[in-house]
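Below is structure10.cif, holding mmCIF, C-alpha atoms.
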```cif
data_my_file
#
loop_
_atom_site.group_PDB
_atom_site.id
_atom_site.type_symbol
_atom_site.label_atom_id
_atom_site.label_comp_id
_atom_site.auth_asym_id
_atom_site.auth_seq_id
_atom_site.Cartn_x
_atom_site.Cartn_y
_atom_site.Cartn_z
ATOM 1 C CA MET U 24 47.782 1.419 -1.522
ATOM 2 C CA HIS U 25 45.074 -0.293 -3.572
ATOM 3 C CA PRO U 26 41.531 0.332 -2.197
ATOM 4 C CA GLN U 27 40.883 -3.407 -1.936
ATOM 5 C CA THR U 28 44.033 -3.796 0.185
ATOM 6 C CA ASP U 29 42.856 -0.967 2.424
ATOM 7 C CA SER U 30 39.487 -2.684 2.845
ATOM 8 C CA PHE U 31 41.062 -6.047 3.636
ATOM 9 C CA SER U 32 43.390 -4.459 6.183
ATOM 10 C CA ALA U 33 40.474 -2.697 7.887
ATOM 11 C CA ILE U 34 38.544 -5.960 8.156
ATOM 12 C CA GLN U 35 41.613 -7.656 9.654
ATOM 13 C CA GLN U 36 41.793 -4.918 12.279
ATOM 14 C CA ARG U 37 38.132 -5.351 13.170
ATOM 15 C CA GLN U 38 38.575 -9.093 13.550
ATOM 16 C CA LYS U 39 40.715 -8.384 16.600
ATOM 17 C CA THR U 40 37.680 -6.980 18.424
ATOM 18 C CA MET U 41 34.778 -8.584 16.518
ATOM 19 C CA ASN U 42 33.847 -12.176 15.846
ATOM 20 C CA ILE U 43 33.753 -11.750 12.054
ATOM 21 C CA ILE U 44 32.957 -14.853 9.988
ATOM 22 C CA HIS U 45 33.266 -14.599 6.203
ATOM 23 C CA ILE U 46 30.717 -16.612 4.239
ATOM 24 C CA ASP U 47 30.441 -17.848 0.699
ATOM 25 C CA SER U 48 27.497 -20.200 1.268
ATOM 26 C CA ILE U 49 24.098 -19.547 2.805
ATOM 27 C CA ASP U 50 24.018 -23.192 3.943
ATOM 28 C CA HIS U 51 26.047 -22.403 7.062
ATOM 29 C CA PRO U 52 23.804 -23.691 9.934
ATOM 30 C CA GLU U 53 24.020 -20.403 11.812
ATOM 31 C CA LEU U 54 22.514 -18.600 8.829
ATOM 32 C CA VAL U 55 19.326 -20.665 8.857
ATOM 33 C CA PRO U 56 17.295 -17.871 10.565
ATOM 34 C CA TYR U 57 18.236 -15.414 7.836
ATOM 35 C CA ALA U 58 17.761 -17.605 4.806
ATOM 36 C CA HIS U 59 15.620 -20.658 5.444
ATOM 37 C CA LEU U 60 13.008 -20.055 8.161
ATOM 38 C CA THR U 61 9.517 -18.654 7.654
ATOM 39 C CA GLU U 62 8.195 -15.991 10.011
ATOM 40 C CA ALA U 63 6.113 -18.648 11.784
ATOM 41 C CA GLN U 64 9.180 -20.823 12.289
ATOM 42 C CA LEU U 65 11.150 -17.858 13.578
ATOM 43 C CA ARG U 66 8.402 -17.144 16.053
ATOM 44 C CA ASN U 67 8.394 -20.777 17.256
ATOM 45 C CA ARG U 68 4.828 -20.812 18.505
ATOM 46 C CA LEU U 69 5.307 -24.031 20.506
ATOM 47 C CA GLU U 70 8.078 -22.481 22.581
ATOM 48 C CA PRO U 71 7.867 -18.707 22.120
ATOM 49 C CA GLN U 72 10.481 -18.122 24.810
ATOM 50 C CA LYS U 73 12.998 -19.728 22.442
ATOM 51 C CA GLY U 74 11.839 -17.891 19.325
ATOM 52 C CA ILE U 75 13.775 -15.208 17.510
ATOM 53 C CA PHE U 76 13.045 -12.299 15.217
ATOM 54 C CA ILE U 77 15.020 -10.499 12.522
ATOM 55 C CA ALA U 78 15.678 -6.762 12.740
ATOM 56 C CA GLU U 79 16.639 -5.003 9.522
ATOM 57 C CA SER U 80 18.686 -1.835 8.947
ATOM 58 C CA LEU U 81 21.170 -0.088 11.211
ATOM 59 C CA LYS U 82 18.623 2.415 12.543
ATOM 60 C CA VAL U 83 16.102 -0.243 13.556
ATOM 61 C CA ILE U 84 18.788 -2.440 15.131
ATOM 62 C CA ARG U 85 20.141 0.525 17.100
ATOM 63 C CA ILE U 86 16.677 1.278 18.522
ATOM 64 C CA ALA U 87 16.247 -2.391 19.470
ATOM 65 C CA LEU U 88 19.586 -2.378 21.304
ATOM 66 C CA ASP U 89 18.714 0.884 23.062
ATOM 67 C CA HIS U 90 15.579 -0.775 24.425
ATOM 68 C CA GLY U 91 17.276 -3.819 25.827
ATOM 69 C CA HIS U 92 17.100 -6.361 22.988
ATOM 70 C CA ARG U 93 20.269 -8.363 22.482
ATOM 71 C CA PRO U 94 21.500 -9.777 19.160
ATOM 72 C CA LEU U 95 22.328 -13.442 18.656
ATOM 73 C CA SER U 96 24.192 -12.669 15.419
ATOM 74 C CA PHE U 97 24.543 -10.180 12.575
ATOM 75 C CA LEU U 98 24.551 -10.598 8.810
ATOM 76 C CA SER U 99 26.251 -7.612 7.236
ATOM 77 C CA GLU U 100 27.700 -6.369 3.992
ATOM 78 C CA GLU U 101 31.422 -5.765 4.341
ATOM 79 C CA LYS U 102 31.041 -2.017 3.832
ATOM 80 C CA HIS U 103 28.853 -1.753 6.959
ATOM 81 C CA LEU U 104 31.220 -3.575 9.333
ATOM 82 C CA ASP U 105 32.426 -0.318 10.889
ATOM 83 C CA GLN U 106 28.850 0.579 11.794
ATOM 84 C CA VAL U 107 28.201 -2.897 13.200
ATOM 85 C CA GLU U 108 31.343 -2.430 15.268
ATOM 86 C CA ALA U 109 29.889 0.803 16.639
ATOM 87 C CA LEU U 110 26.667 -1.010 17.567
ATOM 88 C CA LEU U 111 28.618 -3.720 19.361
ATOM 89 C CA GLY U 112 30.604 -1.045 21.157
ATOM 90 C CA ALA U 113 27.492 -0.205 23.165
ATOM 91 C CA LEU U 114 27.334 -3.755 24.564
ATOM 92 C CA PRO U 115 29.432 -5.221 27.389
ATOM 93 C CA HIS U 116 32.801 -6.337 25.979
ATOM 94 C CA PRO U 117 32.652 -10.075 26.707
ATOM 95 C CA GLU U 118 29.166 -10.246 25.211
ATOM 96 C CA ALA U 119 30.056 -8.192 22.136
ATOM 97 C CA GLU U 120 33.147 -10.250 21.368
ATOM 98 C CA ARG U 121 31.156 -13.494 21.340
ATOM 99 C CA ILE U 122 28.434 -12.343 18.926
ATOM 100 C CA PRO U 123 29.132 -13.704 15.419
ATOM 101 C CA VAL U 124 29.085 -11.192 12.594
ATOM 102 C CA TYR U 125 28.611 -13.016 9.279
ATOM 103 C CA THR U 126 29.758 -10.986 6.330
ATOM 104 C CA ALA U 127 30.276 -11.057 2.594
ATOM 105 C CA THR U 128 30.344 -8.626 -0.272
ATOM 106 C CA ARG U 129 27.084 -7.092 -1.423
ATOM 107 C CA GLU U 130 27.295 -9.139 -4.622
ATOM 108 C CA THR U 131 27.770 -12.399 -2.714
ATOM 109 C CA LEU U 132 24.847 -11.710 -0.397
ATOM 110 C CA ALA U 133 22.658 -10.739 -3.337
ATOM 111 C CA SER U 134 23.508 -13.954 -5.185
ATOM 112 C CA LEU U 135 22.919 -16.088 -2.108
ATOM 113 C CA THR U 136 19.896 -14.477 -0.508
ATOM 114 C CA GLY U 137 18.525 -11.561 -2.483
ATOM 115 C CA TYR U 138 19.400 -9.311 0.466
ATOM 116 C CA GLU U 139 20.319 -6.376 -1.726
ATOM 117 C CA LEU U 140 17.003 -4.891 -0.536
ATOM 118 C CA THR U 141 17.731 -4.990 3.193
ATOM 119 C CA ARG U 142 19.803 -1.847 3.663
ATOM 120 C CA GLY U 143 22.922 -3.833 4.362
ATOM 121 C CA VAL U 144 22.578 -5.252 7.884
ATOM 122 C CA LEU U 145 20.341 -7.802 9.594
ATOM 123 C CA ALA U 146 20.379 -8.941 13.219
ATOM 124 C CA ALA U 147 18.840 -12.082 14.700
ATOM 125 C CA MET U 148 17.484 -11.353 18.182
ATOM 126 C CA ARG U 149 15.803 -13.376 20.901
ATOM 127 C CA ARG U 150 12.076 -12.724 21.261
ATOM 128 C CA PRO U 151 11.181 -11.004 24.534
ATOM 129 C CA LEU U 152 8.870 -12.482 27.129
ATOM 130 C CA LEU U 153 5.651 -10.455 26.992
ATOM 131 C CA PRO U 154 4.019 -8.939 30.097
ATOM 132 C CA GLU U 155 0.438 -9.304 31.262
ATOM 133 C CA PRO U 156 -1.970 -6.620 29.940
ATOM 134 C CA GLU U 157 -2.407 -5.102 33.407
ATOM 135 C CA ALA U 158 1.340 -4.626 33.716
ATOM 136 C CA ILE U 159 1.494 -2.209 30.773
ATOM 137 C CA CYS U 160 -1.965 -0.618 31.122
ATOM 138 C CA THR U 161 -2.145 0.237 34.826
ATOM 139 C CA GLY U 162 -1.859 3.995 35.295
ATOM 140 C CA LYS U 163 -1.889 4.708 31.557
ATOM 141 C CA ARG U 164 -4.236 7.294 29.980
ATOM 142 C CA ARG U 165 -4.468 6.252 26.326
ATOM 143 C CA ILE U 166 -4.136 2.731 24.991
ATOM 144 C CA ALA U 167 -5.185 1.030 21.763
ATOM 145 C CA VAL U 168 -6.487 -2.468 21.073
ATOM 146 C CA MET U 169 -5.876 -4.165 17.717
ATOM 147 C CA ASP U 170 -8.428 -6.873 16.916
ATOM 148 C CA ASN U 171 -7.427 -9.341 14.181
ATOM 149 C CA VAL U 172 -5.307 -6.834 12.242
ATOM 150 C CA VAL U 173 -3.569 -9.338 9.989
ATOM 151 C CA ASN U 174 -1.556 -7.243 7.539
ATOM 152 C CA SER U 175 2.019 -6.803 8.753
ATOM 153 C CA THR U 176 2.378 -3.442 6.999
ATOM 154 C CA ASN U 177 -0.688 -2.112 8.819
ATOM 155 C CA THR U 178 0.645 -3.469 12.107
ATOM 156 C CA GLY U 179 3.952 -1.643 11.680
ATOM 157 C CA ALA U 180 2.202 1.563 10.621
ATOM 158 C CA ILE U 181 -0.134 1.465 13.640
ATOM 159 C CA PHE U 182 2.813 1.035 16.013
ATOM 160 C CA ARG U 183 4.594 3.974 14.415
ATOM 161 C CA ALA U 184 1.514 6.196 14.634
ATOM 162 C CA ALA U 185 0.806 5.139 18.210
ATOM 163 C CA THR U 186 4.348 5.974 19.295
ATOM 164 C CA ALA U 187 4.342 9.327 17.487
ATOM 165 C CA LEU U 188 0.883 10.426 18.643
ATOM 166 C CA GLY U 189 0.957 9.732 22.357
ATOM 167 C CA ILE U 190 -0.547 6.271 22.846
ATOM 168 C CA ASP U 191 0.839 4.679 26.007
ATOM 169 C CA ALA U 192 0.429 0.965 25.192
ATOM 170 C CA LEU U 193 -0.936 -1.432 22.575
ATOM 171 C CA LEU U 194 -2.883 -4.639 23.160
ATOM 172 C CA LEU U 195 -3.338 -7.243 20.432
ATOM 173 C CA THR U 196 -5.773 -10.101 20.079
ATOM 174 C CA PRO U 197 -4.016 -13.441 19.401
ATOM 175 C CA THR U 198 -5.124 -13.444 15.750
ATOM 176 C CA CYS U 199 -3.237 -10.242 14.914
ATOM 177 C CA SER U 200 -0.152 -10.185 12.744
ATOM 178 C CA ASP U 201 3.048 -10.617 14.740
ATOM 179 C CA PRO U 202 4.542 -7.173 15.519
ATOM 180 C CA LEU U 203 8.021 -8.711 15.368
ATOM 181 C CA ASN U 204 7.470 -9.867 11.800
ATOM 182 C CA ARG U 205 10.373 -8.470 9.740
ATOM 183 C CA ARG U 206 8.086 -6.272 7.615
ATOM 184 C CA SER U 207 6.221 -4.915 10.640
ATOM 185 C CA VAL U 208 9.473 -4.019 12.369
ATOM 186 C CA ARG U 209 10.769 -2.294 9.230
ATOM 187 C CA VAL U 210 7.551 -0.342 8.575
ATOM 188 C CA SER U 211 7.401 0.736 12.217
ATOM 189 C CA MET U 212 10.916 2.221 11.882
ATOM 190 C CA GLY U 213 11.798 0.461 15.127
ATOM 191 C CA THR U 214 8.999 2.005 17.199
ATOM 192 C CA ILE U 215 7.809 -1.528 17.989
ATOM 193 C CA PHE U 216 10.733 -1.609 20.433
ATOM 194 C CA GLN U 217 9.673 1.670 22.045
ATOM 195 C CA MET U 218 5.957 0.961 22.523
ATOM 196 C CA PRO U 219 4.820 -1.259 25.429
ATOM 197 C CA TRP U 220 2.683 -4.046 23.944
ATOM 198 C CA THR U 221 1.393 -7.529 24.593
ATOM 199 C CA TYR U 222 -1.209 -10.050 23.520
ATOM 200 C CA LEU U 223 -4.568 -10.460 25.207
ATOM 201 C CA THR U 224 -5.217 -13.865 26.734
ATOM 202 C CA PRO U 225 -6.631 -16.347 24.177
ATOM 203 C CA GLY U 226 -10.340 -16.886 24.802
ATOM 204 C CA ASP U 227 -10.789 -13.613 26.737
ATOM 205 C CA TRP U 228 -11.721 -11.513 23.714
ATOM 206 C CA PRO U 229 -13.923 -9.627 23.673
ATOM 207 C CA THR U 230 -16.041 -9.790 26.840
ATOM 208 C CA LYS U 231 -13.527 -10.720 29.526
ATOM 209 C CA ALA U 232 -10.766 -8.584 28.058
ATOM 210 C CA ILE U 233 -12.959 -5.488 27.796
ATOM 211 C CA ASP U 234 -14.208 -6.098 31.349
ATOM 212 C CA ARG U 235 -10.566 -6.086 32.467
ATOM 213 C CA LEU U 236 -10.074 -2.734 30.742
ATOM 214 C CA HIS U 237 -13.174 -1.368 32.460
ATOM 215 C CA ASN U 238 -11.799 -2.566 35.795
ATOM 216 C CA LEU U 239 -8.642 -0.580 35.073
ATOM 217 C CA GLY U 240 -10.777 2.529 34.570
ATOM 218 C CA PHE U 241 -10.768 2.713 30.771
ATOM 219 C CA HIS U 242 -13.657 4.072 28.759
ATOM 220 C CA THR U 243 -13.676 1.844 25.676
ATOM 221 C CA VAL U 244 -14.444 3.205 22.211
ATOM 222 C CA ALA U 245 -14.844 1.089 19.079
ATOM 223 C CA LEU U 246 -13.915 2.517 15.682
ATOM 224 C CA ALA U 247 -16.931 1.241 13.782
ATOM 225 C CA LEU U 248 -19.392 2.104 11.023
ATOM 226 C CA THR U 249 -22.679 1.858 12.886
ATOM 227 C CA ASP U 250 -25.783 3.994 13.180
ATOM 228 C CA LYS U 251 -25.167 4.354 16.927
ATOM 229 C CA ALA U 252 -21.667 5.762 16.498
ATOM 230 C CA ILE U 253 -20.829 9.265 17.650
ATOM 231 C CA PRO U 254 -18.319 11.533 15.837
ATOM 232 C CA ILE U 255 -14.770 11.054 17.023
ATOM 233 C CA ASP U 256 -14.592 14.740 17.993
ATOM 234 C CA HIS U 257 -17.613 14.465 20.331
ATOM 235 C CA PRO U 258 -16.971 16.595 23.457
ATOM 236 C CA LYS U 259 -17.682 13.702 25.865
ATOM 237 C CA LEU U 260 -14.589 11.863 24.631
ATOM 238 C CA GLN U 261 -12.278 14.788 25.358
ATOM 239 C CA HIS U 262 -13.057 14.584 29.058
ATOM 240 C CA CYS U 263 -12.321 10.872 29.536
ATOM 241 C CA GLU U 264 -9.428 10.390 31.914
ATOM 242 C CA ARG U 265 -8.612 7.001 30.380
ATOM 243 C CA LEU U 266 -9.499 5.821 26.883
ATOM 244 C CA ALA U 267 -9.026 2.475 25.162
ATOM 245 C CA ILE U 268 -9.366 2.796 21.376
ATOM 246 C CA VAL U 269 -10.432 -0.454 19.719
ATOM 247 C CA MET U 270 -9.864 -1.039 15.988
ATOM 248 C CA GLY U 271 -10.719 -4.047 13.869
ATOM 249 C CA THR U 272 -9.494 -6.167 11.035
ATOM 250 C CA GLU U 273 -8.955 -4.951 7.491
ATOM 251 C CA GLY U 274 -12.179 -5.012 5.475
ATOM 252 C CA ASP U 275 -14.734 -6.346 7.946
ATOM 253 C CA GLY U 276 -13.803 -4.195 10.934
ATOM 254 C CA LEU U 277 -15.095 -5.063 14.395
ATOM 255 C CA THR U 278 -17.761 -7.661 15.093
ATOM 256 C CA ASP U 279 -21.109 -6.708 16.583
ATOM 257 C CA GLU U 280 -20.093 -8.461 19.806
ATOM 258 C CA VAL U 281 -17.027 -6.270 20.192
ATOM 259 C CA ILE U 282 -18.952 -3.084 19.378
ATOM 260 C CA GLU U 283 -21.668 -3.929 21.902
ATOM 261 C CA SER U 284 -19.058 -4.678 24.579
ATOM 262 C CA CYS U 285 -17.507 -1.208 24.253
ATOM 263 C CA ASP U 286 -18.873 1.909 25.937
ATOM 264 C CA ASP U 287 -19.155 3.867 22.686
ATOM 265 C CA ALA U 288 -18.767 3.402 18.963
ATOM 266 C CA VAL U 289 -17.116 6.288 17.152
ATOM 267 C CA ILE U 290 -16.763 7.273 13.525
ATOM 268 C CA ILE U 291 -14.430 9.572 11.655
ATOM 269 C CA PRO U 292 -16.695 11.874 9.602
ATOM 270 C CA MET U 293 -16.135 11.347 5.868
ATOM 271 C CA GLN U 294 -16.798 13.343 2.725
ATOM 272 C CA ASN U 295 -17.203 12.773 -1.032
ATOM 273 C CA GLY U 296 -18.852 9.384 -0.671
ATOM 274 C CA VAL U 297 -15.916 7.692 1.074
ATOM 275 C CA ASP U 298 -17.188 5.543 3.944
ATOM 276 C CA SER U 299 -13.950 4.550 5.684
ATOM 277 C CA LEU U 300 -10.150 4.675 5.819
ATOM 278 C CA ASN U 301 -7.519 1.986 5.864
ATOM 279 C CA VAL U 302 -7.143 0.754 9.457
ATOM 280 C CA ALA U 303 -3.673 2.275 9.864
ATOM 281 C CA ALA U 304 -4.849 5.656 8.527
ATOM 282 C CA ALA U 305 -7.962 5.551 10.719
ATOM 283 C CA ALA U 306 -5.809 4.693 13.726
ATOM 284 C CA SER U 307 -3.601 7.730 13.082
ATOM 285 C CA VAL U 308 -6.613 10.063 12.948
ATOM 286 C CA ALA U 309 -8.082 8.519 16.102
ATOM 287 C CA PHE U 310 -4.802 8.720 18.014
ATOM 288 C CA TRP U 311 -4.382 12.387 17.100
ATOM 289 C CA GLN U 312 -7.954 13.350 17.959
ATOM 290 C CA LEU U 313 -8.193 11.358 21.206
ATOM 291 C CA ARG U 314 -4.637 11.821 22.480
#
```

What's the structure tokens form of this structure?
Amino acid sequence: MHPQTDSFSAIQQRQKTMNIIHIDSIDHPELVPYAHLTEAQLRNRLEPQKGIFIAESLKVIRIALDHGHRPLSFLSEEKHLDQVEALLGALPHPEAERIPVYTATRETLASLTGYELTRGVLAAMRRPLLPEPEAICTGKRRIAVMDNVVNSTNTGAIFRAATALGIDALLLTPTCSDPLNRRSVRVSMGTIFQMPWTYLTPGDWPTKAIDRLHNLGFHTVALALTDKAIPIDHPKLQHCERLAIVMGTEGDGLTDEVIESCDDAVIIPMQNGVDSLNVAAAASVAFWQLR
């Protein structure tokens, strides 16, 4: 039998258990999240409980599903339909059968959307409702606070490092890049779905928010270039039962107000005239040393 006939027959079989919808135009209204909305529009700041995010690649989508996120739809190359079917197999049957799976050939998707760079599969998912900071920090030993980290690649890299190196939770100031931004999710390799995280209350940063961390028993340390900073391997830090590691925006770092609000400022000792590291690299060193 001709390979194309085999492929068509396999797709017909899947259509008995999957809601497969073949597309030849990106103007289908259900494809708007994939093709026509900006990240800000996807997030839907006015009604975040109704917002969505896009997860990219089979591995990342699988991690999201494993941690309770549910897809609204898929956009998949035809050759990946068997793997999408396997993902749907982990969901309750009535739910899985209702989820639309939009599909086309790789060439069609590339001509319509430029999605030849997406590793074949995208999923639109509902944004989760975020918990209060106390809910994810109570009883934890090591947390990190991201202050105005605006680069989505850095955000994803920090989440990945935090998950790999033993950080228990991440808090973000409201001006940080959205962790559910498509690039952040991809760079994090899905660890954004594994790490407990939430935003700090607008207007609380830094004084009220840091006071709340102190009330939870955290010793707060600011990663900052200041004359008062102690080396990150200082013995006193190894004996802290609970540590909150605070890192600042790309370039300018933390403000004086934030540094003064923390219990200590710490530096990573440098050599050869280099004064600092990229925030994601510095975070990785800090997480390893202070874990």

* Find, counting all atoms listed in the file, the residue in U:Lys231, U:Arg209, U:Arg165, U:Arg85 that gets nearest to Ala309 in chain U. =>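 Closest to Ala309 in chain U of all the choices is U:Arg165.
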
* To do: Tell me, in Å to one decimal, how far CA of Pro225 in chain U is from CA of Leu195 in chain U.
  =>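 For CA of Pro225 in chain U relative to CA of Leu195 in chain U, the distance reads 10.4 Å.
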
* Asked: Rounded to one decimal in Å, what is the spacing between CA of Leu132 in chain U and CA of Lys102 in chain U?
  -> 12.3 Å

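CA of Leu313 in chain U sits 17.7 Å away from CA of His237 in chain U.
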
* To do: Just the residues within 7 Å of range 287-303 of chain U, please, counting all atoms listed in the file, with nothing from its chain fewer than 4 positions along; format it as an MDAnalysis selection string.
  => chainID U and resid 177 180:181 243:248 251:255 273 282 307

* Asked: Taking all atoms listed in the file into account, which of U:His257, U:Arg129, U:His242, U:His92 comes nearest Gln217 in chain U?
  -> U:His92

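When the distance limit is 7 Å and only C-alpha atoms are what count, the residues near Phe216 in chain U, minus those fewer than 4 positions from it on the same chain, are Ile86, Ala87 and His90 of chain U.
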
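Residues in contact with Ile215 in chain U at 7 Å, where only C-alpha atoms are counted and same-chain residues fewer than 3 positions away are skipped, are listed as U:Phe182, U:Pro202, U:Val208, U:Ser211, U:Met218.
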
* To do: Check which residues satisfy the PyMOL selection byres ((chain U and resi 106) around 12) in the file shown, then give them as a list in words.
  =>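 Output of the PyMOL selection byres ((chain U and resi 106) around 12): Arg37, Met41, Ser80, Leu81, Lys82, Ile84, Arg85, Phe97, Ser99, Glu100, Glu101, Lys102, His103, Leu104, Asp105, Val107, Glu108, Ala109, Leu110, Leu111, Gly112, Ala113, Val124, Gly143 and Val144 of chain U.
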
* Given the file shown, determine the residues that the PyMOL selection byres ((chain U and resi 161) around 12) selects; report them as a ChimeraX atom specification. => /U:155-160,162-166,191-192,219,235-241,265

* Tell me which of U:Leu95, U:Leu88, U:Leu223, U:Ala119 sits closest to Met169 in chain U, counting all atoms listed in the file. =>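 Of the candidates, the smallest distance to Met169 in chain U is held by U:Leu223.
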
* To do: Determine the nearest neighbour of Thr230 in chain U from the options U:Cys285, U:Leu152, U:Leu188, U:Leu266, counting only C-alpha atoms.
  =>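 Closest residue, counting only C-alpha atoms: U:Cys285.
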
Please return the centre and edge lengths, in Å to one decimal, of a box with edges along x, y and z that contains all listed atoms of range 87-104 of chain U, widened by 4 Å on every side, as JSON.
```
{"center_x": 23.5, "center_y": -6.3, "center_z": 14.8, "size_x": 23.8, "size_y": 22.3, "size_z": 30.0}
```

* Considering all atoms listed in the file, return as a list in words whatever protein or nucleic-acid residues lie within 8 Å of Leu153 in chain U, sequence-local ones (same chain, fewer than 4 positions apart) excluded. => Trp220, Thr221 and Tyr222 of chain U

The PyMOL selection byres ((chain U and resi 206) around 8) on the file shown: which residues, as an mmCIF file with C-alpha atoms, in the frame of the given file?
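Saved the output as result-v9.cif:
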```cif
data_model
loop_
_atom_site.group_PDB
_atom_site.id
_atom_site.type_symbol
_atom_site.label_atom_id
_atom_site.label_comp_id
_atom_site.auth_asym_id
_atom_site.auth_seq_id
_atom_site.Cartn_x
_atom_site.Cartn_y
_atom_site.Cartn_z
ATOM 1 C CA SER U 175 2.019 -6.803 8.753
ATOM 2 C CA THR U 176 2.378 -3.442 6.999
ATOM 3 C CA GLY U 179 3.952 -1.643 11.680
ATOM 4 C CA ASN U 204 7.470 -9.867 11.800
ATOM 5 C CA ARG U 205 10.373 -8.470 9.740
ATOM 6 C CA SER U 207 6.221 -4.915 10.640
ATOM 7 C CA VAL U 208 9.473 -4.019 12.369
ATOM 8 C CA ARG U 209 10.769 -2.294 9.230
ATOM 9 C CA VAL U 210 7.551 -0.342 8.575
#
```

* Restricting the calculation to all atoms listed in the file, which member of U:Met212, U:Leu277, U:Ile268, U:Val168 is positioned closest to Ala232 in chain U? ->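 Using all atoms listed in the file, Ala232 in chain U sits closest to U:Val168.
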
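Counting all atoms listed in the file and comparing U:Val173, U:Ile43, U:Leu98, U:Ala267, the residue that lies closest to Thr198 in chain U is U:Val173.
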
Incomplete range 193-207 of chain U brought to N, CA and C atoms, written out as a PDB file, in the coordinates of the input:
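Output (part_0.pdb):
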```pdb
ATOM      1  N   LEU U 193      -0.127  -0.747  23.578  1.00  0.00           N
ATOM      2  CA  LEU U 193      -0.936  -1.432  22.575  1.00  0.00           C
ATOM      3  C   LEU U 193      -1.211  -2.859  23.025  1.00  0.00           C
ATOM      4  N   LEU U 194      -2.481  -3.265  22.903  1.00  0.00           N
ATOM      5  CA  LEU U 194      -2.883  -4.639  23.160  1.00  0.00           C
ATOM      6  C   LEU U 194      -3.326  -5.271  21.854  1.00  0.00           C
ATOM      7  N   LEU U 195      -2.994  -6.550  21.662  1.00  0.00           N
ATOM      8  CA  LEU U 195      -3.338  -7.243  20.432  1.00  0.00           C
ATOM      9  C   LEU U 195      -4.099  -8.519  20.751  1.00  0.00           C
ATOM     10  N   THR U 196      -5.130  -8.800  19.958  1.00  0.00           N
ATOM     11  CA  THR U 196      -5.773 -10.101  20.079  1.00  0.00           C
ATOM     12  C   THR U 196      -4.842 -11.144  19.453  1.00  0.00           C
ATOM     13  N   PRO U 197      -4.959 -12.414  19.870  1.00  0.00           N
ATOM     14  CA  PRO U 197      -4.016 -13.441  19.401  1.00  0.00           C
ATOM     15  C   PRO U 197      -4.011 -13.657  17.893  1.00  0.00           C
ATOM     16  N   THR U 198      -5.061 -13.232  17.196  1.00  0.00           N
ATOM     17  CA  THR U 198      -5.124 -13.444  15.750  1.00  0.00           C
ATOM     18  C   THR U 198      -4.455 -12.329  14.949  1.00  0.00           C
ATOM     19  N   CYS U 199      -3.912 -11.342  15.617  1.00  0.00           N
ATOM     20  CA  CYS U 199      -3.237 -10.242  14.914  1.00  0.00           C
ATOM     21  C   CYS U 199      -1.917 -10.708  14.308  1.00  0.00           C
ATOM     22  N   SER U 200      -1.483  -9.974  13.303  1.00  0.00           N
ATOM     23  CA  SER U 200      -0.152 -10.185  12.744  1.00  0.00           C
ATOM     24  C   SER U 200       0.904  -9.943  13.823  1.00  0.00           C
ATOM     25  N   ASP U 201       1.957 -10.719  13.772  1.00  0.00           N
ATOM     26  CA  ASP U 201       3.048 -10.617  14.740  1.00  0.00           C
ATOM     27  C   ASP U 201       3.779  -9.279  14.585  1.00  0.00           C
ATOM     28  N   PRO U 202       3.817  -8.448  15.637  1.00  0.00           N
ATOM     29  CA  PRO U 202       4.542  -7.173  15.519  1.00  0.00           C
ATOM     30  C   PRO U 202       6.032  -7.336  15.241  1.00  0.00           C
ATOM     31  N   LEU U 203       6.601  -8.484  15.591  1.00  0.00           N
ATOM     32  CA  LEU U 203       8.021  -8.711  15.368  1.00  0.00           C
ATOM     33  C   LEU U 203       8.307  -9.373  14.020  1.00  0.00           C
ATOM     34  N   ASN U 204       7.275  -9.489  13.193  1.00  0.00           N
ATOM     35  CA  ASN U 204       7.470  -9.867  11.800  1.00  0.00           C
ATOM     36  C   ASN U 204       8.432  -8.862  11.158  1.00  0.00           C
ATOM     37  N   ARG U 205       9.325  -9.344  10.293  1.00  0.00           N
ATOM     38  CA  ARG U 205      10.373  -8.470   9.740  1.00  0.00           C
ATOM     39  C   ARG U 205       9.781  -7.241   9.061  1.00  0.00           C
ATOM     40  N   ARG U 206       8.689  -7.427   8.302  1.00  0.00           N
ATOM     41  CA  ARG U 206       8.086  -6.272   7.615  1.00  0.00           C
ATOM     42  C   ARG U 206       7.482  -5.292   8.618  1.00  0.00           C
ATOM     43  N   SER U 207       6.806  -5.800   9.633  1.00  0.00           N
ATOM     44  CA  SER U 207       6.221  -4.915  10.640  1.00  0.00           C
ATOM     45  C   SER U 207       7.295  -4.081  11.330  1.00  0.00           C
TER      46      SER U 207
END
```
